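File shown: protein28.txt (compact mmCIF, C-alpha atoms and all ligand atoms).
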```txt
# COMPACT_ATOMS: atom_id res chain seq x y z
CA MET P 1 -21.12 -29.70 48.12
CA GLN P 2 -23.08 -27.15 50.17
CA PRO P 3 -22.01 -23.50 50.26
CA LEU P 4 -19.35 -23.07 52.89
CA ASP P 5 -19.38 -20.63 55.72
CA VAL P 6 -16.81 -22.17 58.05
CA ASP P 7 -13.96 -19.96 59.17
CA GLU P 8 -11.02 -22.18 59.80
CA LYS P 9 -8.44 -20.90 62.23
CA ASN P 10 -5.74 -21.51 59.73
CA ASN P 11 -4.42 -18.03 59.32
CA GLN P 12 -1.14 -17.96 57.45
CA ASN P 13 -1.23 -14.20 57.21
CA PRO P 14 1.91 -12.37 58.19
CA ALA P 15 1.44 -9.63 60.83
CA PHE P 16 0.82 -7.25 57.95
CA GLY P 17 0.54 -8.24 54.33
CA PHE P 18 -1.50 -10.61 52.24
CA GLU P 19 -1.60 -14.23 51.15
CA THR P 20 -1.21 -15.41 47.58
CA GLY P 21 -2.19 -18.83 46.21
CA PRO P 22 -0.21 -20.83 43.66
CA ILE P 23 -2.01 -20.29 40.34
CA ARG P 24 -4.19 -18.01 38.23
CA PRO P 25 -5.31 -18.21 34.58
CA PRO P 26 -2.73 -16.89 32.05
CA SER P 27 -5.14 -14.10 31.11
CA GLU P 28 -4.92 -12.87 34.71
CA ALA P 29 -1.12 -12.49 34.67
CA ALA P 30 -1.36 -8.78 35.44
CA SER P 31 -4.26 -9.08 37.90
CA LEU P 32 -4.06 -8.54 41.62
CA LEU P 33 -4.47 -11.96 43.28
CA LEU P 34 -6.87 -11.93 46.21
CA ARG P 35 -6.95 -15.22 48.09
CA VAL P 36 -10.49 -15.90 49.29
CA THR P 37 -10.20 -19.66 49.85
CA ARG P 38 -7.16 -21.93 50.07
CA ASN P 39 -6.57 -24.84 47.69
CA CYS P 40 -9.25 -26.93 45.97
CA PRO P 41 -12.42 -28.32 47.59
CA TRP P 42 -12.54 -31.14 45.01
CA ASN P 43 -8.86 -31.97 44.45
CA ARG P 44 -9.57 -35.25 42.64
CA CYS P 45 -9.06 -34.49 38.94
CA LYS P 46 -6.67 -37.14 37.66
CA PHE P 47 -4.70 -34.77 35.42
CA CYS P 48 -4.11 -32.09 38.06
CA GLY P 49 -1.42 -31.98 40.71
CA VAL P 50 -1.60 -28.32 41.72
CA TYR P 51 -3.15 -28.79 45.17
CA LYS P 52 -2.23 -32.41 45.87
CA GLY P 53 -1.53 -32.87 49.58
CA SER P 54 -3.05 -29.48 50.47
CA ARG P 55 -6.22 -29.19 52.48
CA PHE P 56 -9.02 -26.91 51.35
CA SER P 57 -9.95 -24.15 53.77
CA VAL P 58 -12.05 -21.03 53.86
CA ARG P 59 -10.61 -17.70 54.91
CA SER P 60 -12.74 -15.50 57.13
CA VAL P 61 -14.21 -12.33 55.68
CA GLU P 62 -12.13 -10.36 58.21
CA GLU P 63 -8.90 -12.00 57.03
CA VAL P 64 -9.66 -11.27 53.39
CA LYS P 65 -10.63 -7.68 54.20
CA ALA P 66 -7.33 -7.28 56.07
CA ASP P 67 -5.55 -8.49 52.90
CA ILE P 68 -7.44 -5.91 50.84
CA ASP P 69 -6.37 -3.22 53.31
CA ALA P 70 -2.73 -4.35 53.07
CA MET P 71 -2.92 -4.26 49.26
CA ALA P 72 -4.41 -0.77 49.42
CA HIS P 73 -1.58 0.32 51.73
CA TYR P 74 1.06 -0.92 49.25
CA ARG P 75 -0.85 0.64 46.36
CA ASP P 76 -0.82 4.02 48.16
CA LEU P 77 2.89 3.67 48.90
CA LEU P 78 3.61 3.01 45.24
CA PHE P 79 1.27 5.75 44.04
CA SER P 80 3.16 8.18 46.28
CA CYS P 81 6.06 7.54 43.87
CA MET P 82 4.27 9.16 40.94
CA GLY P 83 6.36 11.67 38.96
CA LYS P 84 5.47 15.36 38.63
CA ASP P 85 3.75 14.55 35.30
CA GLY P 86 1.28 12.33 37.17
CA LYS P 87 2.71 9.18 35.57
CA PRO P 88 4.22 6.28 37.56
CA ASP P 89 7.87 6.91 38.37
CA ARG P 90 9.16 3.38 37.89
CA LYS P 91 12.61 4.07 39.39
CA ALA P 92 11.18 5.64 42.54
CA MET P 93 8.76 2.72 42.93
CA LEU P 94 11.58 0.20 42.61
CA ARG P 95 13.64 2.11 45.18
CA THR P 96 10.71 2.01 47.64
CA ILE P 97 10.29 -1.73 47.10
CA GLN P 98 13.99 -2.47 47.50
CA GLN P 99 14.01 -0.74 50.89
CA ALA P 100 11.31 -3.09 52.21
CA ASP P 101 11.90 -6.44 53.96
CA GLU P 102 11.90 -9.62 51.84
CA LEU P 103 8.25 -10.68 52.30
CA THR P 104 6.91 -7.16 51.84
CA ARG P 105 9.10 -6.77 48.74
CA GLU P 106 7.54 -9.83 47.11
CA GLN P 107 4.04 -8.52 47.77
CA MET P 108 4.87 -5.03 46.56
CA TYR P 109 6.21 -6.48 43.29
CA GLN P 110 2.75 -7.98 42.73
CA LEU P 111 1.22 -4.54 43.21
CA LEU P 112 3.85 -3.03 40.90
CA ASN P 113 3.02 -5.61 38.19
CA TRP P 114 -0.65 -4.84 38.68
CA ILE P 115 -0.09 -1.06 38.35
CA LEU P 116 2.42 -1.07 35.49
CA ASN P 117 1.33 -4.09 33.41
CA GLY P 118 -2.32 -4.37 34.43
CA LYS P 119 -3.04 -0.62 34.72
CA GLY P 120 -4.58 -1.42 38.11
CA GLU P 121 -7.70 -2.74 36.42
CA SER P 122 -8.33 -6.39 37.34
CA VAL P 123 -8.46 -8.70 40.34
CA PHE P 124 -8.55 -12.50 40.36
CA LEU P 125 -10.07 -14.31 43.35
CA GLN P 126 -8.01 -17.34 44.37
CA ASP P 127 -7.92 -20.37 44.75
CA ALA P 128 -9.58 -23.13 42.72
CA ASN P 129 -13.31 -22.64 43.32
CA SER P 130 -14.03 -19.60 45.47
CA ILE P 131 -17.69 -19.46 44.43
CA VAL P 132 -18.19 -22.45 46.74
CA LEU P 133 -18.49 -19.85 49.54
CA LYS P 134 -21.95 -18.77 50.64
CA PRO P 135 -22.96 -16.13 48.07
CA GLU P 136 -23.65 -13.50 50.77
CA ARG P 137 -20.18 -14.00 52.22
CA LEU P 138 -18.45 -13.69 48.85
CA ALA P 139 -20.66 -10.70 47.99
CA GLU P 140 -19.50 -8.94 51.17
CA ILE P 141 -15.86 -9.45 50.14
CA LEU P 142 -16.58 -8.22 46.62
CA ARG P 143 -18.36 -5.10 47.85
CA TYR P 144 -15.46 -4.28 50.18
CA LEU P 145 -12.93 -4.84 47.40
CA ARG P 146 -14.83 -2.51 45.07
CA LYS P 147 -15.06 0.12 47.81
CA VAL P 148 -11.33 0.09 48.61
CA PHE P 149 -10.29 -0.23 44.95
CA PRO P 150 -12.90 1.87 43.10
CA GLY P 151 -10.82 1.95 39.90
CA ILE P 152 -11.07 -1.79 39.29
CA LYS P 153 -12.75 -2.70 36.01
CA ARG P 154 -12.83 -6.51 36.22
CA VAL P 155 -13.03 -9.12 38.99
CA THR P 156 -12.88 -12.80 38.05
CA SER P 157 -12.83 -16.18 39.80
CA TYR P 158 -12.51 -19.86 39.01
CA GLY P 159 -15.79 -21.74 39.40
CA ARG P 160 -16.40 -25.47 38.99
CA ALA P 161 -19.29 -26.57 36.79
CA ASP P 162 -21.02 -28.53 39.58
CA THR P 163 -20.92 -25.46 41.84
CA LEU P 164 -22.30 -23.22 39.08
CA ALA P 165 -25.08 -25.74 38.46
CA ARG P 166 -25.96 -25.85 42.15
CA LEU P 167 -26.12 -22.07 42.62
CA SER P 168 -29.33 -20.32 41.61
CA VAL P 169 -29.43 -17.56 39.00
CA GLU P 170 -30.29 -15.20 41.90
CA ASP P 171 -27.14 -16.28 43.79
CA LEU P 172 -25.01 -15.65 40.72
CA ARG P 173 -26.77 -12.35 40.07
CA LEU P 174 -26.01 -11.29 43.65
CA LEU P 175 -22.30 -11.93 42.96
CA ARG P 176 -22.55 -10.03 39.68
CA GLN P 177 -24.17 -7.05 41.42
CA ALA P 178 -21.56 -7.15 44.20
CA GLY P 179 -18.79 -6.79 41.61
CA LEU P 180 -17.88 -10.16 40.10
CA ASP P 181 -17.54 -9.97 36.30
CA ARG P 182 -16.30 -13.27 34.97
CA ILE P 183 -16.11 -16.96 35.82
CA HIS P 184 -13.23 -19.08 34.53
CA SER P 185 -14.28 -22.73 34.53
CA GLY P 186 -12.19 -25.77 33.62
CA TYR P 187 -14.76 -27.92 31.81
CA GLU P 188 -11.90 -29.86 30.10
CA SER P 189 -14.40 -32.03 28.17
CA GLY P 190 -18.10 -32.14 27.34
CA SER P 191 -18.14 -35.94 27.28
CA ASP P 192 -19.55 -37.81 30.28
CA GLN P 193 -17.27 -40.74 29.47
CA VAL P 194 -14.19 -38.52 29.50
CA LEU P 195 -15.33 -36.57 32.59
CA GLU P 196 -15.77 -39.86 34.43
CA ARG P 197 -12.40 -41.18 33.30
CA ILE P 198 -10.51 -38.05 34.38
CA GLY P 199 -12.29 -37.79 37.75
CA LYS P 200 -13.69 -34.33 37.06
CA GLY P 201 -16.59 -34.80 39.45
CA CYS P 202 -19.24 -33.22 37.26
CA SER P 203 -21.44 -34.15 34.31
CA LYS P 204 -22.14 -32.74 30.88
CA GLN P 205 -25.61 -31.75 32.11
CA GLN P 206 -24.11 -29.80 35.03
CA GLU P 207 -21.75 -28.05 32.62
CA ILE P 208 -24.65 -26.96 30.44
CA GLU P 209 -26.87 -25.91 33.37
CA GLY P 210 -24.06 -24.11 35.19
CA GLY P 211 -22.93 -22.32 32.04
CA LEU P 212 -26.42 -21.15 31.10
CA LYS P 213 -27.18 -19.90 34.62
CA THR P 214 -23.90 -18.00 34.72
CA LYS P 215 -24.75 -16.24 31.49
CA GLU P 216 -28.33 -15.57 32.57
CA ALA P 217 -26.98 -13.86 35.68
CA GLY P 218 -25.01 -11.48 33.45
CA LEU P 219 -21.57 -12.90 34.22
CA GLU P 220 -19.00 -13.49 31.49
CA LEU P 221 -18.05 -17.12 31.03
CA SER P 222 -14.59 -18.38 30.09
CA LEU P 223 -14.47 -22.16 29.54
CA TYR P 224 -11.36 -24.32 29.27
CA PHE P 225 -11.21 -27.43 27.09
CA MET P 226 -8.45 -30.02 26.85
CA PRO P 227 -7.86 -31.68 23.47
CA GLY P 228 -6.26 -35.07 24.10
CA VAL P 229 -7.50 -35.59 27.66
CA GLY P 230 -9.53 -38.66 26.61
CA GLY P 231 -6.46 -40.25 25.03
CA LYS P 232 -6.60 -41.97 21.64
CA ALA P 233 -9.62 -44.05 22.68
CA LEU P 234 -11.91 -41.09 23.37
CA SER P 235 -10.41 -38.46 21.08
CA GLU P 236 -13.36 -38.20 18.69
CA GLU P 237 -15.88 -38.45 21.53
CA ASN P 238 -14.06 -35.64 23.36
CA ALA P 239 -14.17 -33.37 20.29
CA ARG P 240 -17.83 -33.99 19.44
CA GLU P 241 -19.21 -33.76 22.98
CA SER P 242 -17.12 -30.69 23.88
CA ALA P 243 -18.44 -28.97 20.74
CA ASP P 244 -21.97 -29.91 21.80
CA VAL P 245 -21.52 -28.24 25.21
CA ILE P 246 -20.03 -25.15 23.54
CA ASN P 247 -22.98 -24.99 21.12
CA ARG P 248 -25.50 -25.23 23.94
CA VAL P 249 -23.81 -22.77 26.30
CA ASP P 250 -22.29 -20.30 23.80
CA PRO P 251 -19.64 -19.04 26.27
CA ASP P 252 -17.80 -15.74 25.86
CA PHE P 253 -14.43 -17.49 25.71
CA VAL P 254 -13.36 -21.02 24.77
CA ARG P 255 -9.79 -21.46 25.96
CA ILE P 256 -7.67 -24.34 24.74
CA ARG P 257 -5.43 -26.16 27.23
CA THR P 258 -3.95 -29.14 25.39
CA PHE P 259 -3.61 -32.19 27.64
CA VAL P 260 -0.14 -33.00 28.96
CA ALA P 261 0.44 -36.12 31.06
CA LYS P 262 2.02 -34.61 34.14
CA PRO P 263 4.34 -36.71 36.30
CA GLY P 264 2.88 -37.28 39.76
CA THR P 265 -0.73 -37.29 38.56
CA GLU P 266 -2.95 -40.31 38.05
CA LEU P 267 -3.23 -39.82 34.28
CA GLY P 268 0.55 -39.33 34.15
CA SER P 269 0.95 -42.77 35.80
CA GLN P 270 -1.64 -44.31 33.45
CA VAL P 271 0.31 -43.06 30.43
CA GLU P 272 3.59 -44.25 31.96
CA SER P 273 2.20 -47.75 32.63
CA GLY P 274 0.56 -48.05 29.19
CA GLN P 275 -2.95 -48.03 30.65
CA MET P 276 -3.80 -44.89 28.70
CA ALA P 277 -2.64 -44.38 25.09
CA PRO P 278 -1.95 -40.64 24.76
CA CYS P 279 -2.68 -38.69 21.59
CA THR P 280 0.22 -37.40 19.53
CA ASP P 281 0.47 -33.70 18.67
CA GLN P 282 -1.08 -34.45 15.27
CA GLU P 283 -3.98 -36.31 16.87
CA LYS P 284 -4.61 -33.47 19.30
CA ALA P 285 -4.59 -30.99 16.39
CA ALA P 286 -7.08 -33.21 14.52
CA GLU P 287 -9.24 -33.34 17.64
CA LEU P 288 -9.28 -29.55 17.87
CA ARG P 289 -10.15 -29.34 14.15
CA LEU P 290 -13.04 -31.76 14.60
CA MET P 291 -14.29 -29.77 17.60
CA LEU P 292 -14.20 -26.56 15.57
CA GLU P 293 -15.97 -28.24 12.66
CA GLN P 294 -18.82 -29.20 15.01
CA ILE P 295 -19.28 -25.72 16.52
CA HIS P 296 -22.18 -23.77 15.04
CA GLY P 297 -23.94 -20.53 15.89
CA CYS P 298 -21.59 -19.46 18.72
CA ARG P 299 -20.62 -15.84 19.26
CA GLY P 300 -17.66 -16.19 21.62
CA VAL P 301 -13.92 -16.17 20.99
CA LEU P 302 -11.59 -19.15 20.87
CA VAL P 303 -8.34 -18.36 22.63
CA SER P 304 -5.07 -20.26 22.59
CA ASP P 305 -3.21 -18.63 25.44
CA HIS P 306 -0.93 -21.37 26.72
CA ILE P 307 2.46 -22.56 25.55
CA VAL P 308 1.30 -26.21 25.69
CA ASN P 309 -0.90 -25.57 22.63
CA LEU P 310 0.98 -26.49 19.46
CA LEU P 311 -0.86 -24.11 17.14
CA GLU P 312 -0.93 -20.81 18.97
CA SER P 313 -2.29 -18.99 15.91
CA VAL P 314 -5.61 -20.86 16.20
CA ASN P 315 -7.37 -17.91 17.80
CA GLY P 316 -10.40 -15.96 16.75
CA SER P 317 -14.10 -15.28 16.75
CA LEU P 318 -16.22 -18.43 16.58
CA ALA P 319 -18.75 -16.52 14.49
CA GLN P 320 -16.37 -15.02 11.92
CA ASP P 321 -13.04 -16.89 12.04
CA ARG P 322 -14.08 -20.52 12.55
CA GLU P 323 -13.32 -21.53 8.93
CA TRP P 324 -10.02 -19.66 9.04
CA MET P 325 -9.03 -21.46 12.27
CA ILE P 326 -9.91 -24.83 10.73
CA GLY P 327 -7.75 -23.82 7.74
CA GLN P 328 -4.82 -23.06 10.06
CA ILE P 329 -4.99 -26.59 11.45
CA GLN P 330 -5.35 -28.09 7.96
CA ARG P 331 -2.29 -26.13 6.85
CA PHE P 332 -0.30 -27.86 9.59
CA GLU P 333 -1.82 -31.24 8.68
CA ASN P 334 -0.80 -30.74 5.03
CA MET P 335 2.85 -30.03 5.87
CA SER P 336 5.36 -32.77 5.03
CA PHE P 337 6.46 -35.19 7.75
CA ASP P 338 9.81 -33.37 8.17
CA GLU P 339 8.26 -29.89 8.11
CA LYS P 340 5.84 -30.92 10.83
CA ARG P 341 8.61 -32.34 12.99
CA GLU P 342 10.85 -29.32 12.51
CA PHE P 343 8.03 -27.00 13.55
CA GLN P 344 6.98 -29.21 16.49
CA LEU P 345 10.52 -29.32 17.81
CA ALA P 346 11.13 -25.59 17.35
CA ARG P 347 7.78 -24.84 19.02
CA ARG P 348 8.40 -27.17 21.94
CA MET P 349 11.85 -25.64 22.40
CA GLY P 350 10.14 -22.25 22.67
CA LEU P 351 11.82 -20.91 19.50
CA VAL P 352 8.77 -20.22 17.35
CA ARG P 353 5.08 -19.50 17.68
CA ARG P 354 3.79 -20.33 14.18
CA PRO P 355 4.91 -22.75 11.43
CA GLU P 356 6.05 -19.86 9.20
CA ASP P 357 8.45 -18.67 11.95
CA VAL P 358 10.70 -21.71 11.35
CA LYS P 359 12.13 -20.15 8.18
CA ARG P 360 13.33 -17.18 10.23
CA LEU P 361 15.53 -19.32 12.50
CA SER P 362 19.27 -19.11 11.89
CA PRO P 363 20.86 -21.86 9.71
CA GLN P 364 22.83 -23.03 12.75
CA VAL P 365 19.70 -23.44 14.90
CA ARG P 366 17.90 -25.27 12.08
CA LYS P 367 20.91 -27.56 11.67
CA GLU P 368 20.77 -28.44 15.36
CA ILE P 369 17.04 -29.10 15.15
CA HIS P 370 17.61 -31.45 12.20
CA LEU P 371 20.34 -33.29 14.10
CA LEU P 372 17.94 -33.84 16.99
CA MET P 373 15.25 -34.99 14.53
CA GLN P 374 17.66 -37.57 13.12
CA LYS P 375 18.45 -38.89 16.60
CA THR P 376 14.77 -39.33 17.46
CA GLN P 377 13.36 -40.83 14.26
CA GLU P 378 11.53 -43.69 15.96
CA SER P 379 8.03 -42.57 16.91
CA ASP P 380 8.33 -43.57 20.60
CA GLN P 381 11.65 -41.72 20.91
CA TRP P 382 10.02 -38.73 19.27
CA GLU P 383 6.96 -38.74 21.54
CA ARG P 384 9.20 -39.05 24.62
CA LEU P 385 11.17 -36.03 23.45
CA MET P 386 7.99 -34.01 22.83
CA ASN P 387 6.70 -34.95 26.26
CA TYR P 388 10.00 -34.03 27.86
CA PHE P 389 9.79 -30.51 26.42
CA LEU P 390 6.11 -30.14 27.29
CA GLN P 391 6.72 -31.09 30.89
CA GLN P 392 9.12 -28.16 31.24
CA TYR P 393 6.13 -25.84 30.81
CA ILE P 394 3.81 -27.24 33.47
S1 LIG C 401 -11.04 -28.68 40.19
FE1 LIG C 401 -9.30 -27.63 39.23
S2 LIG C 401 -7.80 -27.33 40.87
FE2 LIG C 401 -9.31 -28.83 41.60
S3 LIG C 401 -8.37 -30.80 41.14
FE3 LIG C 401 -9.70 -30.27 39.40
S4 LIG C 401 -8.36 -29.18 37.94
FE4 LIG C 401 -7.28 -29.26 39.92
```
Do you think you could lay out the structure here as structure tokens?
Ligand code: SF4
Amino acid sequence: MQPLDVDEKNNQNPAFGFETGPIRPPSEAASLLLRVTRNCPWNRCKFCGVYKGSRFSVRSVEEVKADIDAMAHYRDLLFSCMGKDGKPDRKAMLRTIQQADELTREQMYQLLNWILNGKGESVFLQDANSIVLKPERLAEILRYLRKVFPGIKRVTSYGRADTLARLSVEDLRLLRQAGLDRIHSGYESGSDQVLERIGKGCSKQQEIEGGLKTKEAGLELSLYFMPGVGGKALSEENARESADVINRVDPDFVRIRTFVAKPGTELGSQVESGQMAPCTDQEKAAELRLMLEQIHGCRGVLVSDHIVNLLESVNGSLAQDREWMIGQIQRFENMSFDEKREFQLARRMGLVRRPEDVKRLSPQVRKEIHLLMQKTQESDQWERLMNYFLQQYI
């Protein structure tokens, strides 16, 4: 896809205020969300339903600048509620927000979250692949954002691997110099077979090229991988090839997003119809272990920052904690059948974060968990139950 410079007359902006898209990475929960493009220019990944039925469009630079101005206006309103000690007066801010009309209130809450929880430090550019814009156009937006919000320390955006591979290092450097700090990219897998099967629309080679160029331009790189997305058939392939991409690119962050077959997506239908045999939790854990075993010489951090990941404690530096992370997975693998199921159920019910937390649950809760385990002893009943819980999180 060529860089886009089309301004569609598709302005959903209210008379005054700003637009917000549907998603952002979990690590950007306290970021200000600046919508630069709408929806996803690819929109064909078979595991993803976020933008299904929505048309991609580009917002004009003027529209985005008007959003930045509106955000700055709300920021100033909230900052006028500072206490005499120079610290945010939370009660006064809430009073100001509650006096506003409904739409304005919603937008001001985003600013409040950004100020109180994010310390006013980071901005995430929405939606799915904003670097598809002509670099000069995006650079103009970034420069304006930095001018109006001089206190910002980090600006990040999603960027697809094929787009990163197509851009030159100079293009990416221009974005870096204009104020972009980090690219989040959903690689999902390093295997060409898996990428083809899930409709990702890019190749392993593009992932490597795009990742290396991003780093050469001085941008931070945060890559997402999906254990289980190749199903049982491609589980080992997915682990080995993803590790190979990680070894070649050496990203700053490797983020784990365990595959969940979502209803309404093509892979969800394939699992439902038996066309794709999904991995169990144990198989996904083994896949992650194999991937970690194959990673060598990387300096980034592996992050498990999503509730869909079974083993949230598998987090750490790839240089120093790799063995420890492998050990965490082996510890789970060495648990008895019943211990594993008790932990899985408690985790999927949102009651615990780590296997050792199970012992801290009340006797009554553990009794109820065991009752549910007894009712779902058959493996297909059990997998259906696990999937039911997982789908509540997506
Ligand atoms: S590129 Fe991202 S947002 Fe677009 S369809 Fe694929 S996963 Fe969904």
Enclose ligand LIG 401 (chain C), meaning all of its atoms listed in the file, in a box aligned along x, y and z, pad it by 4 Å on each side, and list the centre and edge lengths in Å to one decimal, as lines of an AutoDock Vina configuration file.
```
center_x = -9.2
center_y = -29.1
center_z = 39.8
size_x = 11.8
size_y = 11.5
size_z = 11.7
```
Worksheet item: If we count only C-alpha atoms, what is near Gln392 in chain P at a cut-off of 10 Å, once residues fewer than 4 positions away on the same chain are taken out, given as a list of chain:residue names?
Response: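 Close residues of Gln392 in chain P: P:Val308, P:Arg348, P:Met349, P:Asn387, P:Tyr388.
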Practice prompt. Can you tell me which residues come within 8 Å of ligand LIG 401 (chain C) when counting only C-alpha atoms and all ligand atoms, ideally as a VMD selection string?
Written response: chain P and resid 39 to 52 127 to 129 160 186 200
Worksheet item: CA of Leu167 in chain P and CA of Glu136 in chain P, how far apart in Å?
Response: 12.1 Å
Fill in: Residue nearest Tyr74 in chain P among P:Ser191, P:Gln110, P:Ser222, P:Ser273 (counting all atoms listed in the file)
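Among the listed residues, P:Gln110 lies closest to Tyr74 in chain P.
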Worksheet item: P:Lys147, P:Ile131, P:Val155, P:Arg137: which is nearest Glu28 in chain P, counting all atoms listed in the file?
Response: P:Val155
Fill in: Length of the CA of Lys215 in chain P to CA of Leu234 in chain P vector [Å]
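Result for CA of Lys215 in chain P versus CA of Leu234 in chain P: 29.1 Å, one decimal.
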Discussion item. Here is a test: counting all atoms listed in the file, which residue of P:Gln381, P:Gln330, P:Asn113, P:Gln107 is nearest to Phe18 in chain P?
Written reply: P:Gln107
